[in-house]
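Notes follow once the structure below has been shown.
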There are 2 protein chains.
Amino acid sequence: MATYNDVPKLTNPAENLLDGTDVFLFDIDGVIWKGDSLIDGIPETLQKLRAANKSIFFVTNNSTKSRASIQTKFASLGLPDVPPEEIYSSSYAAAAYLDQKKMDSPTGGGSMTFRESGKKVYVVGERGICDELDRHSIPWIGGPNDDNKTPSMDSGGMVPHDPDVAAVVVGFDRNINYYKMQYAQLCINSNPGCEFIATNLDSTAHLTNAQVWAAGGTMVGAIKGCTGREPTVVGKPSSLLIDSICGILGLEGGVGGTGRKRICMVGDRLDTDVLFGRDNGLKTVLVLSGVTTEEEVRRLENNIVPDFYADSIKDFFME
Amino acid sequence: MATYNDVPKLTNPAENLLDGTDVFLFDIDGVIWKGDSLIDGIPETLQKLRAANKSIFFVTNNSTKSRASIQTKFASLGLPDVPPEEIYSSSYAAAAYLDQKKMDSPTGGGSMTFRESGKKVYVVGERGICDELDRHSIPWIGGPNDDNKTPSMDSGGMVPHDPDVAAVVVGFDRNINYYKMQYAQLCINSNPGCEFIATNLDSTAHLTNAQVWAAGGTMVGAIKGCTGREPTVVGKPSSLLIDSICGILGLEGGVGGTGRKRICMVGDRLDTDVLFGRDNGLKTVLVLSGVTTEEEVRRLENNIVPDFYADSIKDFFME
């Protein structure tokens, strides 16, 4: 006979959750939409949360799109009112991380921004990362420009690389190739102080509705494999994003700080969304509108237990 | 002032080494040849070792060539007498591992070989692995056949994969692409019991004389990244190869067994060759004919200390 843990399902009305929360962080795929279809009741729910004066952020490890192109998708699915500032994609997170990074000045006169330093980024990834770097005026090379390159490996062959690359950003890249791996390896292994930044470590993702696909952790694993270095992760489950949101909203920072429990992470995955929320001291809600079943969340062997679970975020306002 | 450890340089005559050793394992690049040039005095040295009745094996993590094609290179450089049986490439090691693997019989009637099982291998790697699998009559798919494939990732898109793949072998692949990563991910994550075999985990290698290149560990890292699985490594520093050589020669097995100290690993790298020898209970010699300097081997901070070091294996028989 199966035994279950005592994770509570949200009951009507969900006042406990709403009264105790100022900020909702929503994973997007499986929570707001599934593939190319909006989940039932989402526009009304978001409207009610805004009317109740809740802050909202959409948090996705997808690095292939910029904030602007995710906003376009929101609008195309009937949510025209989501501003780019509410969208925390891992492509944005990578650019924001570099934007606020302090570099040693080459002349020894204190610190400067990445932009001021004259350094550049090498991108192993798709358009979304490049667009966000552009929006932050951070120079970059690589990315889609290197999709069709092949290194010369005959006797004496080499890939010349730019010594001014001070960070390599790695995200999902369906056009990954050996040239990009070698370029990233050269920058990280031979440019002094070069950073290795990963948008996320997700092993797989539902990139189409037909099967599970090798995800961003694949490309990051390749660069770990040729450098022996651990990356700085900017997407979930990194705390960088929570620090940034706490800063914007003036909430008390630090895991265990009282401000953290006024933030609620809502997602459809236990091992990414709920774990991310729990490890960062947030409140957590698992929704069944994505990949996780009620059986899975209630199973006694599951040790990533959310504070609540619900069929979908529509149930935040049950009648 | 620099301080040094007391690793001895081989002195004339190197009787201690020769008398105490029955089997010599030679790394190839940096020991026998460098790029496309034979190192000075090698043919005479090998001849003297054979005349002294020493067993010789050549051990390389290179998986891009088969035993036969490495033999061809030996011959082209003036060593026509090296038989394929003396060449332990990691491509050979992968095929030999699968050749001796026992599988559960699908009908429940005991165990059978991989070949008898009707299963096949998916290869992420170059020609050398495929040639060795062919030579062992083990069916394989992938490898160079998938160099130019691109998965369909439109709505409903998928990569159909073969449920009879029971092992994925990953080695260096300059034509690595996302299709191969996704195919390997599907086999390892969804074919029950599918093995993940790595030829080696080397992060970099001197693939041309002009620079250091991302090596087999890169491709292995990618497949680790999308599966969360640790591979079975068949090349250096795995002990599989030593077990195999001990078996062939009837030497006492097991690290710490007296047979092991009659085997000497000779290489030009501390962190691969000498470490491999030490961890497997072998005698070790570091030669300076490759990438390591005398300063590096004698540095006090170096804690991978060989039993001896020498300018090259020519010094085994100094006049």
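Residue names in the structure tokens use chain letters A, B, ... in the order shown, residue numbers from 1 in each chain, and ligand numbers from 1 in the order shown.
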Residue set, stretch 47-263 of chain B restricted to strand (DSSP E or B), as a PyMOL selection string: chain B and resi 55-60+87-89+102-104+111-113+120-124+140-142+165-170+195-198+204-205+213-214+232-233+263
With N, CA and C atoms retained, could you export that selection as a compact mmCIF listing (two decimals), in the first residue's frame?
# COMPACT_ATOMS: atom_id res chain seq x y z
N SER B 55 58.64 -7.87 -22.11
CA SER B 55 57.37 -7.66 -22.83
C SER B 55 57.14 -6.17 -22.98
N ILE B 56 56.56 -5.80 -24.11
CA ILE B 56 56.36 -4.38 -24.41
C ILE B 56 54.91 -4.15 -24.83
N PHE B 57 54.31 -3.11 -24.28
CA PHE B 57 52.99 -2.67 -24.75
C PHE B 57 53.01 -1.16 -24.93
N PHE B 58 52.30 -0.71 -25.94
CA PHE B 58 52.18 0.72 -26.19
C PHE B 58 50.75 1.13 -25.81
N VAL B 59 50.66 2.10 -24.92
CA VAL B 59 49.39 2.43 -24.30
C VAL B 59 49.04 3.88 -24.61
N THR B 60 47.97 4.10 -25.37
CA THR B 60 47.61 5.48 -25.71
C THR B 60 46.11 5.72 -25.52
N ILE B 87 49.67 -2.98 -29.09
CA ILE B 87 49.14 -1.62 -29.08
C ILE B 87 47.81 -1.57 -28.33
N TYR B 88 47.82 -0.90 -27.18
CA TYR B 88 46.59 -0.71 -26.40
C TYR B 88 46.10 0.73 -26.57
N SER B 89 45.35 0.97 -27.64
CA SER B 89 44.71 2.27 -27.80
C SER B 89 43.38 2.22 -27.04
N LYS B 102 29.68 -9.71 -19.97
CA LYS B 102 28.63 -10.73 -19.92
C LYS B 102 27.28 -10.03 -19.77
N MET B 103 26.33 -10.41 -20.62
CA MET B 103 24.99 -9.81 -20.60
C MET B 103 24.00 -10.86 -20.10
N ASP B 104 22.92 -10.39 -19.45
CA ASP B 104 21.84 -11.31 -19.10
C ASP B 104 21.16 -11.76 -20.38
N SER B 111 23.96 -16.19 -18.92
CA SER B 111 24.55 -14.99 -19.51
C SER B 111 25.06 -15.28 -20.92
N MET B 112 25.29 -14.20 -21.66
CA MET B 112 25.79 -14.33 -23.03
C MET B 112 26.72 -13.15 -23.32
N THR B 113 27.44 -13.21 -24.43
CA THR B 113 28.32 -12.09 -24.77
C THR B 113 27.50 -10.97 -25.40
N LYS B 120 23.46 -3.47 -29.79
CA LYS B 120 24.45 -2.71 -30.55
C LYS B 120 24.97 -1.52 -29.75
N VAL B 121 25.98 -0.88 -30.31
CA VAL B 121 26.67 0.25 -29.67
C VAL B 121 26.34 1.53 -30.42
N TYR B 122 26.11 2.63 -29.69
CA TYR B 122 26.08 3.94 -30.34
C TYR B 122 27.42 4.62 -30.08
N VAL B 123 28.06 5.09 -31.16
CA VAL B 123 29.40 5.67 -31.06
C VAL B 123 29.33 7.19 -31.17
N VAL B 124 29.87 7.89 -30.17
CA VAL B 124 30.19 9.32 -30.30
C VAL B 124 31.71 9.34 -30.37
N TRP B 140 27.52 -1.62 -34.49
CA TRP B 140 27.49 -0.24 -34.00
C TRP B 140 26.74 0.64 -34.98
N ILE B 141 26.24 1.76 -34.46
CA ILE B 141 25.65 2.82 -35.29
C ILE B 141 26.24 4.15 -34.82
N GLY B 142 25.97 5.20 -35.57
CA GLY B 142 26.48 6.53 -35.20
C GLY B 142 27.87 6.76 -35.72
N VAL B 165 20.19 -0.29 -28.57
CA VAL B 165 21.51 0.20 -28.17
C VAL B 165 21.69 -0.08 -26.69
N ALA B 166 22.71 -0.89 -26.36
CA ALA B 166 22.94 -1.27 -24.97
C ALA B 166 24.24 -0.68 -24.42
N ALA B 167 24.94 0.11 -25.24
CA ALA B 167 26.15 0.79 -24.77
C ALA B 167 26.41 2.00 -25.66
N VAL B 168 26.79 3.11 -25.04
CA VAL B 168 27.23 4.29 -25.78
C VAL B 168 28.71 4.46 -25.48
N VAL B 169 29.54 4.46 -26.54
CA VAL B 169 30.98 4.66 -26.37
C VAL B 169 31.31 6.08 -26.81
N VAL B 170 31.94 6.85 -25.91
CA VAL B 170 32.25 8.25 -26.20
C VAL B 170 33.76 8.46 -26.18
N GLU B 195 24.86 1.02 -21.06
CA GLU B 195 26.14 1.45 -20.48
C GLU B 195 26.66 2.73 -21.12
N PHE B 196 27.42 3.47 -20.34
CA PHE B 196 28.07 4.70 -20.80
C PHE B 196 29.57 4.49 -20.62
N ILE B 197 30.27 4.35 -21.75
CA ILE B 197 31.69 3.99 -21.75
C ILE B 197 32.50 5.15 -22.33
N ALA B 198 33.50 5.59 -21.59
CA ALA B 198 34.37 6.68 -22.06
C ALA B 198 35.74 6.11 -22.40
N THR B 204 42.70 17.99 -22.23
CA THR B 204 43.35 18.58 -23.40
C THR B 204 44.43 17.64 -23.92
N ALA B 205 44.85 17.88 -25.15
CA ALA B 205 45.92 17.08 -25.76
C ALA B 205 46.61 17.93 -26.83
N TRP B 213 44.64 21.32 -27.43
CA TRP B 213 43.27 21.20 -27.94
C TRP B 213 42.36 20.53 -26.91
N ALA B 214 41.09 20.92 -26.96
CA ALA B 214 40.06 20.25 -26.17
C ALA B 214 40.05 18.77 -26.57
N THR B 232 32.01 4.50 -17.41
CA THR B 232 33.08 3.53 -17.20
C THR B 232 34.22 3.92 -18.12
N VAL B 233 35.39 4.24 -17.55
CA VAL B 233 36.53 4.68 -18.35
C VAL B 233 37.39 3.47 -18.68
N ILE B 263 55.89 -4.55 -13.57
CA ILE B 263 55.41 -3.79 -14.73
C ILE B 263 55.83 -2.34 -14.54
Residues of chain A within 10 Å of chain B, counting only C-alpha atoms, as a VMD selection string: chain A and resid 35 to 36 150 to 160 173 to 179 181 to 186 189 201 to 205 207 to 228
Interatomic distance, atom CA of B:Glu44 to atom CA of B:Ala75 (Å, one decimal):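 Computing the Euclidean distance for atom CA of B:Glu44 and atom CA of B:Ala75 yields 14.6 Å.
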Counting only C-alpha atoms, the option among B:Thr199, B:Ser90, B:Pro163, B:Lys48 closest to B:Cys187: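 Among the listed residues, the smallest separation from B:Cys187 belongs to B:Pro163.
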Filtered DSSP result for stretch 99-233 of chain A, state helix (DSSP H, G or I), as a ChimeraX atom specification: /A:99,127-135,143-146,178-190,216-227
Could you save the residues just selected, with C-alpha atoms, as a CSV table (one decimal), in the first residue's frame?
chain,number,residue,atom,x,y,z
A,99,ASP,CA,26.9,44.2,-16.1
A,127,ARG,CA,20.7,34.4,-30.0
A,128,GLY,CA,19.1,35.1,-26.6
A,129,ILE,CA,22.4,35.5,-24.8
A,130,CYS,CA,23.8,37.7,-27.6
A,131,ASP,CA,20.7,40.0,-27.6
A,132,GLU,CA,20.9,40.5,-23.8
A,133,LEU,CA,24.6,41.3,-24.0
A,134,ASP,CA,23.9,43.8,-26.8
A,135,ARG,CA,21.2,45.4,-24.6
A,143,GLY,CA,27.6,32.6,-30.6
A,144,PRO,CA,25.7,32.0,-33.9
A,145,ASN,CA,28.6,33.6,-35.8
A,146,ASP,CA,30.6,30.4,-35.1
A,178,TYR,CA,34.2,21.5,-31.9
A,179,TYR,CA,35.4,24.9,-33.0
A,180,LYS,CA,33.3,26.5,-30.2
A,181,MET,CA,34.5,24.0,-27.6
A,182,GLN,CA,38.1,24.6,-28.6
A,183,TYR,CA,37.6,28.4,-28.6
A,184,ALA,CA,36.0,28.3,-25.1
A,185,GLN,CA,38.8,26.0,-23.9
A,186,LEU,CA,41.5,28.4,-25.1
A,187,CYS,CA,39.9,31.4,-23.4
A,188,ILE,CA,39.2,29.8,-20.1
A,189,ASN,CA,42.5,27.9,-19.9
A,190,SER,CA,44.8,30.6,-21.2
A,216,GLY,CA,22.1,23.4,-21.4
A,217,GLY,CA,23.9,21.1,-19.0
A,218,THR,CA,25.2,19.3,-22.0
A,219,MET,CA,27.1,22.3,-23.4
A,220,VAL,CA,28.3,23.3,-19.9
A,221,GLY,CA,29.5,19.7,-19.3
A,222,ALA,CA,31.6,19.8,-22.5
A,223,ILE,CA,33.4,23.0,-21.3
A,224,LYS,CA,33.8,21.6,-17.8
A,225,GLY,CA,35.4,18.5,-19.5
A,226,CYS,CA,38.1,20.4,-21.3
A,227,THR,CA,38.9,23.0,-18.6
Straight-line distance linking atom CA of A:Thr21 with atom CA of A:Cys264, stated in Å to one decimal: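 Here the two named atoms are 6.4 Å from each other.
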d(atom CA of B:Gly290, atom CA of B:Asp40) in Å: 12.3 Å
Proximity to B:Ile248 - best of B:Ser66, B:Leu38, B:Glu85, B:Lys101, only C-alpha atoms: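 Going through B:Ser66, B:Leu38, B:Glu85, B:Lys101 one by one, the smallest distance to B:Ile248 is for B:Glu85.
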Within 12 Å of B:Asp19 using only C-alpha atoms, minus same-chain residues under 6 positions, as a count of residues only: 10
